[in-house]
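Q: Just one file: run.csv, with CSV, C-alpha atoms.
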chain,number,residue,atom,x,y,z
A,635,MET,CA,0.0,0.0,0.0
A,636,ILE,CA,2.9,2.4,0.7
A,637,GLN,CA,4.2,2.0,-2.8
A,638,ARG,CA,0.7,2.5,-4.2
A,639,MET,CA,0.3,5.7,-2.1
A,640,VAL,CA,3.6,7.2,-3.1
A,641,THR,CA,3.2,6.3,-6.8
A,642,SER,CA,-0.3,7.9,-7.0
A,643,ALA,CA,0.9,11.0,-5.1
A,644,LEU,CA,4.0,11.5,-7.2
A,645,ILE,CA,2.3,11.2,-10.6
A,646,ALA,CA,-0.9,13.1,-9.7
A,647,GLY,CA,1.1,15.7,-7.7
A,648,PHE,CA,3.6,16.6,-10.4
A,649,ALA,CA,0.9,16.7,-13.0
A,650,ALA,CA,-1.3,19.0,-10.9
A,651,GLY,CA,1.8,21.1,-10.1
A,652,LEU,CA,2.5,21.6,-13.9
A,653,PHE,CA,-1.2,22.4,-14.4
A,654,ALA,CA,-1.0,24.9,-11.5
A,655,ALA,CA,2.1,26.5,-13.0
A,656,LEU,CA,0.5,27.0,-16.4
A,657,LEU,CA,-2.6,28.5,-14.8
A,658,HIS,CA,-0.5,30.7,-12.6
A,659,PHE,CA,1.5,32.1,-15.5
A,660,ALA,CA,-1.7,32.7,-17.5
A,661,PHE,CA,-4.0,34.2,-14.9
A,662,VAL,CA,-2.1,35.2,-11.7
A,663,GLN,CA,1.6,36.1,-12.3
A,664,LYS,CA,1.0,39.5,-14.0
A,665,TYR,CA,-0.9,40.7,-10.9
A,666,ILE,CA,2.0,39.6,-8.6
A,667,LEU,CA,4.5,41.5,-10.8
A,668,LEU,CA,2.2,44.6,-10.7
A,669,GLY,CA,2.0,44.2,-6.9
A,670,GLU,CA,5.8,44.1,-6.7
A,671,ASP,CA,6.0,47.3,-8.8
A,672,TYR,CA,3.7,49.1,-6.3
A,673,GLU,CA,5.7,47.6,-3.4
A,674,THR,CA,9.0,48.9,-4.7
A,675,GLY,CA,7.6,52.3,-5.7
A,676,ALA,CA,8.0,51.8,-9.4
A,677,LEU,CA,4.2,52.4,-9.6
A,678,VAL,CA,2.3,54.6,-7.1
A,679,HIS,CA,-1.4,54.1,-6.3
A,680,PHE,CA,-3.6,57.0,-7.4
A,681,ASN,CA,-0.7,58.7,-9.1
A,682,GLY,CA,0.1,56.4,-12.0
A,683,VAL,CA,3.8,56.1,-12.3
A,684,ALA,CA,6.4,57.3,-9.8
A,685,ALA,CA,8.3,60.4,-10.7
A,686,PRO,CA,11.1,59.5,-13.3
A,687,ALA,CA,14.7,60.4,-12.8
A,688,GLU,CA,16.0,63.5,-14.5
A,689,ASP,CA,18.0,61.6,-17.1
A,690,HIS,CA,14.8,59.8,-18.1
A,691,ALA,CA,12.4,62.8,-18.0
A,692,HIS,CA,12.5,63.3,-21.7
A,693,ASP,CA,11.5,59.7,-22.3
A,694,HIS,CA,8.5,59.5,-20.0
A,695,THR,CA,6.9,63.0,-19.8
A,696,THR,CA,4.3,62.3,-22.5
A,697,ALA,CA,3.4,58.7,-21.8
A,698,GLN,CA,3.1,56.3,-18.9
A,699,ALA,CA,5.7,53.6,-18.5
A,700,PRO,CA,4.6,50.0,-18.8
A,701,ALA,CA,3.7,48.2,-15.6
A,702,THR,CA,7.0,46.4,-15.5
A,703,ALA,CA,9.2,49.4,-16.2
A,704,ASP,CA,11.5,50.7,-13.5
A,705,PRO,CA,11.9,54.5,-13.8
A,706,ALA,CA,15.1,54.3,-11.8
A,707,THR,CA,16.9,52.1,-14.3
A,708,PRO,CA,20.0,53.9,-15.7
A,709,PRO,CA,20.3,54.4,-19.4
A,710,PRO,CA,22.4,52.0,-21.4
A,711,THR,CA,26.1,52.9,-21.8
A,712,GLU,CA,27.6,53.7,-25.2
A,713,ALA,CA,29.6,50.5,-25.1
A,714,ALA,CA,26.5,48.3,-25.0
A,715,PRO,CA,24.6,47.7,-28.2
A,716,VAL,CA,21.2,49.2,-28.0
A,717,ALA,CA,18.1,47.6,-29.3
A,718,GLU,CA,15.4,49.5,-31.2
A,719,ASP,CA,13.3,49.8,-28.1
A,720,GLY,CA,16.0,51.7,-26.3
A,721,HIS,CA,17.2,48.8,-24.0
A,722,ALA,CA,20.6,47.3,-24.0
A,723,HIS,CA,20.9,43.7,-25.4
A,724,SER,CA,22.9,42.7,-22.3
A,725,HIS,CA,20.2,44.1,-20.0
A,726,ASP,CA,17.5,42.2,-22.0
A,727,ALA,CA,19.5,38.9,-21.7
A,728,ALA,CA,19.9,39.3,-18.0
A,729,GLU,CA,16.2,40.1,-17.6
A,730,GLY,CA,15.4,37.0,-19.7
A,731,ASP,CA,17.6,34.8,-17.5
A,732,ASP,CA,15.9,36.2,-14.3
A,733,THR,CA,12.5,35.5,-15.8
A,734,PHE,CA,13.4,32.0,-16.8
A,735,SER,CA,14.9,31.3,-13.3
A,736,ARG,CA,11.9,32.7,-11.6
A,737,ASN,CA,9.4,30.7,-13.7
A,738,ALA,CA,11.5,27.5,-13.3
A,739,LEU,CA,11.5,27.9,-9.5
A,740,THR,CA,7.8,28.7,-9.5
A,741,SER,CA,7.1,25.5,-11.5
A,742,LEU,CA,9.3,23.4,-9.1
A,743,PHE,CA,7.6,24.9,-6.1
A,744,PHE,CA,4.1,24.0,-7.4
A,745,GLY,CA,5.3,20.5,-8.3
A,746,LEU,CA,6.7,19.8,-4.8
A,747,ALA,CA,3.7,21.5,-3.0
A,748,TYR,CA,1.1,19.4,-4.9
A,749,VAL,CA,3.1,16.2,-4.4
A,750,GLY,CA,2.8,17.0,-0.7
A,751,TYR,CA,-0.9,17.6,-1.0
A,752,GLY,CA,-1.2,14.5,-3.1
A,753,LEU,CA,0.3,12.4,-0.3
A,754,VAL,CA,-2.2,13.9,2.2
A,755,LEU,CA,-5.1,12.9,-0.2
A,756,VAL,CA,-4.0,9.4,-0.9
A,757,ALA,CA,-3.3,8.9,2.9
A,758,GLY,CA,-7.0,9.8,3.2
A,759,TYR,CA,-7.9,7.4,0.5
A,760,GLY,CA,-6.1,4.6,2.3
A,761,LEU,CA,-7.9,5.4,5.6
A,762,ALA,CA,-11.2,5.4,3.8
A,763,GLU,CA,-10.4,2.1,2.2
A,764,ALA,CA,-9.6,0.6,5.6
A,765,PHE,CA,-13.2,1.5,6.6
A,766,GLY,CA,-14.7,0.0,3.4
A,767,LYS,CA,-15.0,3.1,1.4
A,768,ARG,CA,-13.6,2.7,-2.1
A,769,VAL,CA,-12.2,5.9,-3.8
A,770,THR,CA,-12.4,6.2,-7.6
A,771,LEU,CA,-12.0,9.1,-10.0
A,772,ARG,CA,-15.5,10.5,-9.0
A,773,GLU,CA,-14.9,10.3,-5.3
A,774,GLY,CA,-11.4,11.6,-5.8
A,775,LEU,CA,-12.8,14.7,-7.5
A,776,LEU,CA,-15.0,15.3,-4.4
A,777,TRP,CA,-12.0,14.8,-2.2
A,778,GLY,CA,-10.0,17.3,-4.2
A,779,ILE,CA,-12.8,19.9,-3.9
A,780,ALA,CA,-12.9,19.2,-0.2
A,781,GLY,CA,-9.1,19.7,-0.1
A,782,PHE,CA,-9.5,23.1,-1.8
A,783,ALA,CA,-12.1,24.1,0.8
A,784,ALA,CA,-9.9,23.0,3.7
A,785,PHE,CA,-6.6,24.4,2.6
A,786,GLN,CA,-7.6,27.4,0.5
A,787,LEU,CA,-11.2,28.5,0.7
A,788,ALA,CA,-11.9,28.3,4.4
A,789,PRO,CA,-8.5,30.0,5.3
A,790,ALA,CA,-9.2,32.7,2.7
A,791,MET,CA,-12.4,33.7,4.7
A,792,GLY,CA,-10.0,35.2,7.2
A,793,LEU,CA,-6.7,35.4,5.4
A,794,GLU,CA,-7.2,36.3,1.8
A,795,PRO,CA,-4.4,35.5,-0.7
A,796,GLU,CA,-1.7,38.1,-0.1
A,797,LEU,CA,-0.6,40.3,-2.9
A,798,PRO,CA,2.9,42.0,-2.7
A,799,GLY,CA,2.3,45.6,-1.6
A,800,THR,CA,-0.6,44.7,0.8
A,801,MET,CA,-0.4,44.8,4.6
A,802,ALA,CA,-0.7,41.6,6.7
A,803,ALA,CA,-0.9,40.7,10.4
A,804,ASP,CA,1.9,39.0,12.4
A,805,LEU,CA,3.2,36.0,10.4
A,806,THR,CA,3.3,33.5,13.3
A,807,ALA,CA,-0.2,34.3,14.3
A,808,ARG,CA,-1.4,33.9,10.7
A,809,GLN,CA,0.4,30.5,10.4
A,810,ILE,CA,-1.1,29.2,13.6
A,811,TRP,CA,-4.6,30.3,12.5
A,812,TRP,CA,-4.2,28.8,9.0
A,813,ILE,CA,-3.1,25.4,10.3
A,814,GLY,CA,-5.9,25.3,12.8
A,815,THR,CA,-8.4,26.3,10.2
A,816,ALA,CA,-7.2,23.6,7.8
A,817,ILE,CA,-7.3,20.9,10.4
A,818,CYS,CA,-10.8,21.8,11.7
A,819,THR,CA,-12.2,22.1,8.2
A,820,THR,CA,-10.7,18.8,7.1
A,821,ALA,CA,-12.2,17.1,10.2
A,822,GLY,CA,-15.5,18.8,9.8
A,823,LEU,CA,-15.8,17.9,6.1
A,824,GLY,CA,-14.8,14.3,7.0
A,825,LEU,CA,-17.7,14.1,9.5
A,826,LEU,CA,-20.1,15.5,6.9
A,827,GLY,CA,-19.0,13.0,4.3
A,828,TYR,CA,-18.7,9.9,6.3
A,829,GLY,CA,-20.4,10.6,9.7
A,830,ARG,CA,-23.7,9.2,10.6
A,831,GLY,CA,-26.3,10.6,12.9
A,832,VAL,CA,-27.2,14.0,14.5
A,833,VAL,CA,-24.1,14.0,16.7
A,834,ALA,CA,-21.8,13.7,13.7
A,835,MET,CA,-23.5,16.6,11.9
A,836,ILE,CA,-23.4,18.8,15.0
A,837,GLY,CA,-19.7,18.0,15.5
A,838,ALA,CA,-19.0,18.8,11.9
A,839,ALA,CA,-20.8,22.2,12.2
A,840,VAL,CA,-18.9,23.0,15.3
A,841,LEU,CA,-15.5,22.1,13.8
A,842,LEU,CA,-16.2,24.2,10.6
A,843,ALA,CA,-17.3,27.2,12.7
A,844,ILE,CA,-14.6,27.2,15.4
A,845,PRO,CA,-11.8,29.0,13.4
A,846,HIS,CA,-14.1,31.7,12.2
A,847,VAL,CA,-15.6,32.2,15.7
A,848,ILE,CA,-12.1,32.7,17.0
A,849,GLY,CA,-11.3,34.9,14.0
A,850,ALA,CA,-8.1,35.4,12.0
A,851,PRO,CA,-5.5,37.8,13.1
A,852,GLU,CA,-6.4,41.3,11.9
A,853,LEU,CA,-4.6,44.6,11.3
A,854,GLU,CA,-5.3,47.6,13.5
A,855,SER,CA,-5.2,49.8,10.4
A,856,TYR,CA,-4.9,49.5,6.6
A,857,SER,CA,-2.1,51.2,4.7
A,858,GLY,CA,-1.0,48.9,1.8
A,859,VAL,CA,0.5,50.5,-1.3
A,860,ALA,CA,-1.2,48.2,-3.9
A,861,PRO,CA,-4.6,49.2,-5.2
A,862,PRO,CA,-7.5,47.3,-3.5
A,863,GLU,CA,-8.9,46.5,-7.0
A,864,LEU,CA,-5.6,44.7,-7.9
A,865,ALA,CA,-5.6,42.8,-4.6
A,866,ALA,CA,-9.2,41.7,-5.1
A,867,THR,CA,-8.5,40.4,-8.6
A,868,PHE,CA,-5.4,38.6,-7.4
A,869,ALA,CA,-7.4,36.9,-4.6
A,870,ALA,CA,-10.3,35.9,-6.8
A,871,ARG,CA,-8.0,34.4,-9.5
A,872,SER,CA,-5.8,32.6,-7.0
A,873,LEU,CA,-8.9,30.9,-5.5
A,874,GLY,CA,-10.2,30.1,-9.0
A,875,VAL,CA,-6.9,28.5,-10.0
A,876,GLY,CA,-6.8,26.6,-6.7
A,877,LEU,CA,-10.2,25.1,-7.3
A,878,MET,CA,-9.3,23.8,-10.7
A,879,VAL,CA,-5.9,22.4,-9.6
A,880,TRP,CA,-7.3,20.7,-6.5
A,881,SER,CA,-10.1,19.2,-8.5
A,882,SER,CA,-7.7,17.8,-11.0
A,883,LEU,CA,-5.3,16.6,-8.3
A,884,GLY,CA,-8.1,14.7,-6.5
A,885,ALA,CA,-9.6,13.2,-9.6
A,886,MET,CA,-6.2,12.0,-11.0
A,887,ALA,CA,-5.1,10.7,-7.6
A,888,GLY,CA,-8.4,8.8,-7.2
A,889,TRP,CA,-8.1,7.3,-10.7
A,890,LEU,CA,-4.5,6.2,-10.1
A,891,TRP,CA,-5.5,4.8,-6.7
A,892,SER,CA,-8.4,2.8,-8.1
A,893,ARG,CA,-6.4,1.2,-10.9
A,894,PRO,CA,-5.4,-2.5,-10.6
A,895,GLN,CA,-1.8,-2.7,-9.3
Turn the structure described in the file into structure tokens.
A:
Amino acid sequence: MIQRMVTSALIAGFAAGLFAALLHFAFVQKYILLGEDYETGALVHFNGVAAPAEDHAHDHTTAQAPATADPATPPPTEAAPVAEDGHAHSHDAAEGDDTFSRNALTSLFFGLAYVGYGLVLVAGYGLAEAFGKRVTLREGLLWGIAGFAAFQLAPAMGLEPELPGTMAADLTARQIWWIGTAICTTAGLGLLGYGRGVVAMIGAAVLLAIPHVIGAPELESYSGVAPPELAATFAARSLGVGLMVWSSLGAMAGWLWSRPQ
């Protein structure tokens, strides 16, 4: 069974991680990059673009710089060949290398993270099988949606996905609340799915409610530099991507788990 669990988690996890990376690059990453521009001051909320340096004033007085532009970037030197768009080829190459490294590390992170989540799912499949509950692709899909609810949706009710340039409460307090919320939500959903009787339903309702009755750590005031519209779009897209990836992870892991060995 251990070999079965590891195999299912590795294959489903890496496949889901690749899917997550593709969706992230398509729907989420541009908002993170914009948030980083606001965080570093390259863009300023309500005022468009930060004031350009004097040696760049003639280039930017009539048009806004693109979202990824850095007004403080020095002009290319005469020794460096300059492309038609005004940037040095060497600068473009270095920027391309940084982008490739960042995207590669992002893809690796997603792969490892969803392998870990896959191990949690198939461990649950094994526990369900020990109690006579067979998990197939269909049941795996439902488990994946439940995993999304436990690890992303329920915590997001108190701690929304955090965009660079937005303020957040103390990190340790947030981590403790997130872990407690994930555990309580997982247990509550388990009782809803497999519990029997009124006592199980009451216990599930109590477990689902406890984290939100306690409440997530909150800020005393709000002063983030990123626009709230940007943060809202980032949070919505992050949750949408999470739902699609968790569903695919659960379904694929369930299908692999149910196959004859």
Q: For Leu775 (chain A), list every protein, DNA or RNA residue within 10 Å, evaluated using all atoms listed in the file, and leave out those in the same chain fewer than 4 positions away; present the list as a list in words.
A: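 Everything that qualifies: Val769, Thr770, Leu771, Ile779, Ala780, Gly781, Trp880, Ser881, Ser882, Leu883, Gly884, Ala885, Met886, Ala887, Gly888 and Trp889 of chain A.
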Q: Find the residues near Thr806 (chain A): any atom within 12 Å, counting only C-alpha atoms, skip ones fewer than 6 places away on the same chain, and give them as a list in words.
A: Trp812, Ile813, Ala850 and Pro851 of chain A
Q: Print the selection's residues with C-alpha atoms to a file, as a short mmCIF file (atom, residue, chain, number, x, y, z; two decimals), keeping the file's coordinate frame.
A:
data_model
loop_
_atom_site.label_atom_id
_atom_site.label_comp_id
_atom_site.auth_asym_id
_atom_site.auth_seq_id
_atom_site.Cartn_x
_atom_site.Cartn_y
_atom_site.Cartn_z
CA TRP A 812 -4.20 28.80 9.00
CA ILE A 813 -3.10 25.40 10.30
CA ALA A 850 -8.10 35.40 12.00
CA PRO A 851 -5.50 37.80 13.10
#
Q: Counting only C-alpha atoms, figure out which residue out of A:Leu890, A:Leu864, A:Ala788, A:Leu667 gets nearest to Leu841 (chain A).
A: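 Smallest distance to Leu841 (chain A) is found for A:Ala788.
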Q: Using only C-alpha atoms for the distances, tell me which of A:Gln637, A:Thr740, A:Ser892, A:Thr800 is nearest to Glu863 (chain A).
A: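 Ranking A:Gln637, A:Thr740, A:Ser892, A:Thr800 by distance to Glu863 (chain A), first place goes to A:Thr800.
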Q: Could you jot down the CA of Lys664 (chain A) to CA of Leu877 (chain A) separation for me, Å, one decimal place?
A: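 Going from CA of Lys664 (chain A) over to CA of Leu877 (chain A) covers 19.4 Å.
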Q: What is the distance, in Å and to one decimal place, between CA of Leu753 (chain A) and CA of Gly651 (chain A)?
A: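 These atoms are spaced 13.2 Å apart.
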Q: So how many Å separate CA of Gly824 (chain A) and CA of Phe743 (chain A), to one decimal?
A: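 Value for the CA of Gly824 (chain A)-CA of Phe743 (chain A) distance: 28.0 Å.
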Q: Could you list, as a PDB file with C-alpha atoms, in the coordinates of the input, every residue within 10 Å of Phe648 (chain A), counting only C-alpha atoms and ignoring same-chain residues fewer than 3 positions away?
A:
ATOM      1  CA  ALA A 643       0.900  11.000  -5.100  1.00  0.00           C
ATOM      2  CA  LEU A 644       4.000  11.500  -7.200  1.00  0.00           C
ATOM      3  CA  ILE A 645       2.300  11.200 -10.600  1.00  0.00           C
ATOM      4  CA  GLY A 651       1.800  21.100 -10.100  1.00  0.00           C
ATOM      5  CA  LEU A 652       2.500  21.600 -13.900  1.00  0.00           C
ATOM      6  CA  PHE A 653      -1.200  22.400 -14.400  1.00  0.00           C
ATOM      7  CA  ALA A 654      -1.000  24.900 -11.500  1.00  0.00           C
ATOM      8  CA  SER A 741       7.100  25.500 -11.500  1.00  0.00           C
ATOM      9  CA  LEU A 742       9.300  23.400  -9.100  1.00  0.00           C
ATOM     10  CA  PHE A 744       4.100  24.000  -7.400  1.00  0.00           C
ATOM     11  CA  GLY A 745       5.300  20.500  -8.300  1.00  0.00           C
ATOM     12  CA  LEU A 746       6.700  19.800  -4.800  1.00  0.00           C
ATOM     13  CA  ALA A 747       3.700  21.500  -3.000  1.00  0.00           C
ATOM     14  CA  TYR A 748       1.100  19.400  -4.900  1.00  0.00           C
ATOM     15  CA  VAL A 749       3.100  16.200  -4.400  1.00  0.00           C
ATOM     16  CA  GLY A 750       2.800  17.000  -0.700  1.00  0.00           C
ATOM     17  CA  GLY A 752      -1.200  14.500  -3.100  1.00  0.00           C
ATOM     18  CA  LEU A 883      -5.300  16.600  -8.300  1.00  0.00           C
TER      19      LEU A 883
END
Q: Measuring atom to atom with only C-alpha atoms, identify which of A:Leu739, A:Leu842, A:Met835, A:Val847 is nearest to Ala784 (chain A).
A: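 Ranking A:Leu739, A:Leu842, A:Met835, A:Val847 by distance to Ala784 (chain A), first place goes to A:Leu842.
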Q: Excluding region 869-876 of chain A and its own-chain neighbours fewer than 6 positions away, which residues fall within 7 Å of it when counting all atoms listed in the file? Please give them as number ranges by chain.
A: A: 657, 661-662, 782, 794-795
Q: Dump C-alpha atoms for the selected residues as an mmCIF file, keeping the file's coordinate frame?
A:
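The resulting file, part_20.cif, is shown below:
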data_model
loop_
_atom_site.group_PDB
_atom_site.id
_atom_site.type_symbol
_atom_site.label_atom_id
_atom_site.label_comp_id
_atom_site.auth_asym_id
_atom_site.auth_seq_id
_atom_site.Cartn_x
_atom_site.Cartn_y
_atom_site.Cartn_z
ATOM 1 C CA LEU A 657 -2.600 28.500 -14.800
ATOM 2 C CA PHE A 661 -4.000 34.200 -14.900
ATOM 3 C CA VAL A 662 -2.100 35.200 -11.700
ATOM 4 C CA PHE A 782 -9.500 23.100 -1.800
ATOM 5 C CA GLU A 794 -7.200 36.300 1.800
ATOM 6 C CA PRO A 795 -4.400 35.500 -0.700
#
Q: Measuring atom to atom with only C-alpha atoms, identify which of A:Ala676, A:Ala865, A:Leu755, A:Leu656 is nearest to Glu796 (chain A).
A: A:Ala865
Q: Tyr759 (chain A): which residues within 9 Å, counting only C-alpha atoms, same-chain residues fewer than 6 positions away excluded, as a list in words?
A: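 Result of the neighbour search: Met639, Lys767, Arg768, Val769, Gly774, Trp777, Gly888 and Trp891 of chain A.
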Q: Could the residues in this selection be saved with C-alpha atoms as a PDB file, in the frame of the given file?
A:
ATOM      1  CA  MET A 639       0.300   5.700  -2.100  1.00  0.00           C
ATOM      2  CA  LYS A 767     -15.000   3.100   1.400  1.00  0.00           C
ATOM      3  CA  ARG A 768     -13.600   2.700  -2.100  1.00  0.00           C
ATOM      4  CA  VAL A 769     -12.200   5.900  -3.800  1.00  0.00           C
ATOM      5  CA  GLY A 774     -11.400  11.600  -5.800  1.00  0.00           C
ATOM      6  CA  TRP A 777     -12.000  14.800  -2.200  1.00  0.00           C
ATOM      7  CA  GLY A 888      -8.400   8.800  -7.200  1.00  0.00           C
ATOM      8  CA  TRP A 891      -5.500   4.800  -6.700  1.00  0.00           C
TER       9      TRP A 891
END
Q: Atoms are missing here; could region 872-881 of chain A be completed with all heavy atoms and written as a PDB file, keeping the file's coordinate frame?
A:
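Generated file (rebuild_8.pdb):
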ATOM      1  N   SER A 872      -6.580  33.656  -7.716  1.00  0.00           N
ATOM      2  CA  SER A 872      -5.800  32.600  -7.000  1.00  0.00           C
ATOM      3  C   SER A 872      -6.780  31.528  -6.501  1.00  0.00           C
ATOM      4  O   SER A 872      -6.463  30.337  -6.596  1.00  0.00           O
ATOM      5  CB  SER A 872      -5.128  33.270  -5.773  1.00  0.00           C
ATOM      6  OG  SER A 872      -4.146  34.188  -6.188  1.00  0.00           O
ATOM      7  N   LEU A 873      -7.948  31.906  -5.991  1.00  0.00           N
ATOM      8  CA  LEU A 873      -8.900  30.900  -5.500  1.00  0.00           C
ATOM      9  C   LEU A 873      -9.489  30.116  -6.692  1.00  0.00           C
ATOM     10  O   LEU A 873      -9.705  28.904  -6.586  1.00  0.00           O
ATOM     11  CB  LEU A 873     -10.021  31.591  -4.734  1.00  0.00           C
ATOM     12  CG  LEU A 873      -9.605  32.178  -3.383  1.00  0.00           C
ATOM     13  CD1 LEU A 873     -10.755  32.945  -2.748  1.00  0.00           C
ATOM     14  CD2 LEU A 873      -9.110  31.078  -2.443  1.00  0.00           C
ATOM     15  N   GLY A 874      -9.744  30.787  -7.820  1.00  0.00           N
ATOM     16  CA  GLY A 874     -10.200  30.100  -9.000  1.00  0.00           C
ATOM     17  C   GLY A 874      -9.245  29.045  -9.506  1.00  0.00           C
ATOM     18  O   GLY A 874      -9.607  27.901  -9.817  1.00  0.00           O
ATOM     19  N   VAL A 875      -7.976  29.431  -9.574  1.00  0.00           N
ATOM     20  CA  VAL A 875      -6.900  28.500 -10.000  1.00  0.00           C
ATOM     21  C   VAL A 875      -6.814  27.359  -8.991  1.00  0.00           C
ATOM     22  O   VAL A 875      -6.672  26.182  -9.367  1.00  0.00           O
ATOM     23  CB  VAL A 875      -5.589  29.244 -10.140  1.00  0.00           C
ATOM     24  CG1 VAL A 875      -4.427  28.256 -10.264  1.00  0.00           C
ATOM     25  CG2 VAL A 875      -5.623  30.162 -11.354  1.00  0.00           C
ATOM     26  N   GLY A 876      -6.889  27.685  -7.706  1.00  0.00           N
ATOM     27  CA  GLY A 876      -6.800  26.600  -6.700  1.00  0.00           C
ATOM     28  C   GLY A 876      -7.893  25.604  -6.818  1.00  0.00           C
ATOM     29  O   GLY A 876      -7.644  24.402  -6.677  1.00  0.00           O
ATOM     30  N   LEU A 877      -9.121  26.042  -7.096  1.00  0.00           N
ATOM     31  CA  LEU A 877     -10.200  25.100  -7.300  1.00  0.00           C
ATOM     32  C   LEU A 877      -9.971  24.156  -8.442  1.00  0.00           C
ATOM     33  O   LEU A 877     -10.165  22.936  -8.334  1.00  0.00           O
ATOM     34  CB  LEU A 877     -11.535  25.863  -7.482  1.00  0.00           C
ATOM     35  CG  LEU A 877     -12.761  25.006  -7.813  1.00  0.00           C
ATOM     36  CD1 LEU A 877     -13.058  24.009  -6.708  1.00  0.00           C
ATOM     37  CD2 LEU A 877     -13.980  25.901  -8.068  1.00  0.00           C
ATOM     38  N   MET A 878      -9.515  24.691  -9.571  1.00  0.00           N
ATOM     39  CA  MET A 878      -9.300  23.800 -10.700  1.00  0.00           C
ATOM     40  C   MET A 878      -8.145  22.847 -10.489  1.00  0.00           C
ATOM     41  O   MET A 878      -8.237  21.674 -10.866  1.00  0.00           O
ATOM     42  CB  MET A 878      -8.960  24.732 -11.953  1.00  0.00           C
ATOM     43  CG  MET A 878     -10.156  25.502 -12.475  1.00  0.00           C
ATOM     44  SD  MET A 878      -9.821  26.382 -14.020  1.00  0.00           S
ATOM     45  CE  MET A 878      -8.881  27.773 -13.398  1.00  0.00           C
ATOM     46  N   VAL A 879      -7.083  23.306  -9.831  1.00  0.00           N
ATOM     47  CA  VAL A 879      -5.900  22.400  -9.600  1.00  0.00           C
ATOM     48  C   VAL A 879      -6.264  21.345  -8.584  1.00  0.00           C
ATOM     49  O   VAL A 879      -5.941  20.162  -8.780  1.00  0.00           O
ATOM     50  CB  VAL A 879      -4.709  23.247  -9.188  1.00  0.00           C
ATOM     51  CG1 VAL A 879      -3.529  22.317  -8.879  1.00  0.00           C
ATOM     52  CG2 VAL A 879      -4.317  24.227 -10.282  1.00  0.00           C
ATOM     53  N   TRP A 880      -6.905  21.729  -7.474  1.00  0.00           N
ATOM     54  CA  TRP A 880      -7.300  20.700  -6.500  1.00  0.00           C
ATOM     55  C   TRP A 880      -8.234  19.690  -7.043  1.00  0.00           C
ATOM     56  O   TRP A 880      -8.132  18.496  -6.722  1.00  0.00           O
ATOM     57  CB  TRP A 880      -7.893  21.421  -5.269  1.00  0.00           C
ATOM     58  CG  TRP A 880      -6.907  21.802  -4.207  1.00  0.00           C
ATOM     59  CD1 TRP A 880      -6.360  23.031  -3.994  1.00  0.00           C
ATOM     60  CD2 TRP A 880      -6.355  20.938  -3.206  1.00  0.00           C
ATOM     61  NE1 TRP A 880      -5.497  22.985  -2.938  1.00  0.00           N
ATOM     62  CE2 TRP A 880      -5.476  21.720  -2.427  1.00  0.00           C
ATOM     63  CE3 TRP A 880      -6.519  19.606  -2.899  1.00  0.00           C
ATOM     64  CZ2 TRP A 880      -4.769  21.191  -1.351  1.00  0.00           C
ATOM     65  CZ3 TRP A 880      -5.805  19.069  -1.832  1.00  0.00           C
ATOM     66  CH2 TRP A 880      -4.949  19.862  -1.076  1.00  0.00           C
ATOM     67  N   SER A 881      -9.173  20.132  -7.872  1.00  0.00           N
ATOM     68  CA  SER A 881     -10.100  19.200  -8.500  1.00  0.00           C
ATOM     69  C   SER A 881      -9.376  18.184  -9.361  1.00  0.00           C
ATOM     70  O   SER A 881      -9.647  16.966  -9.314  1.00  0.00           O
ATOM     71  CB  SER A 881     -11.159  19.939  -9.303  1.00  0.00           C
ATOM     72  OG  SER A 881     -11.908  20.819  -8.498  1.00  0.00           O
TER      73      SER A 881
END
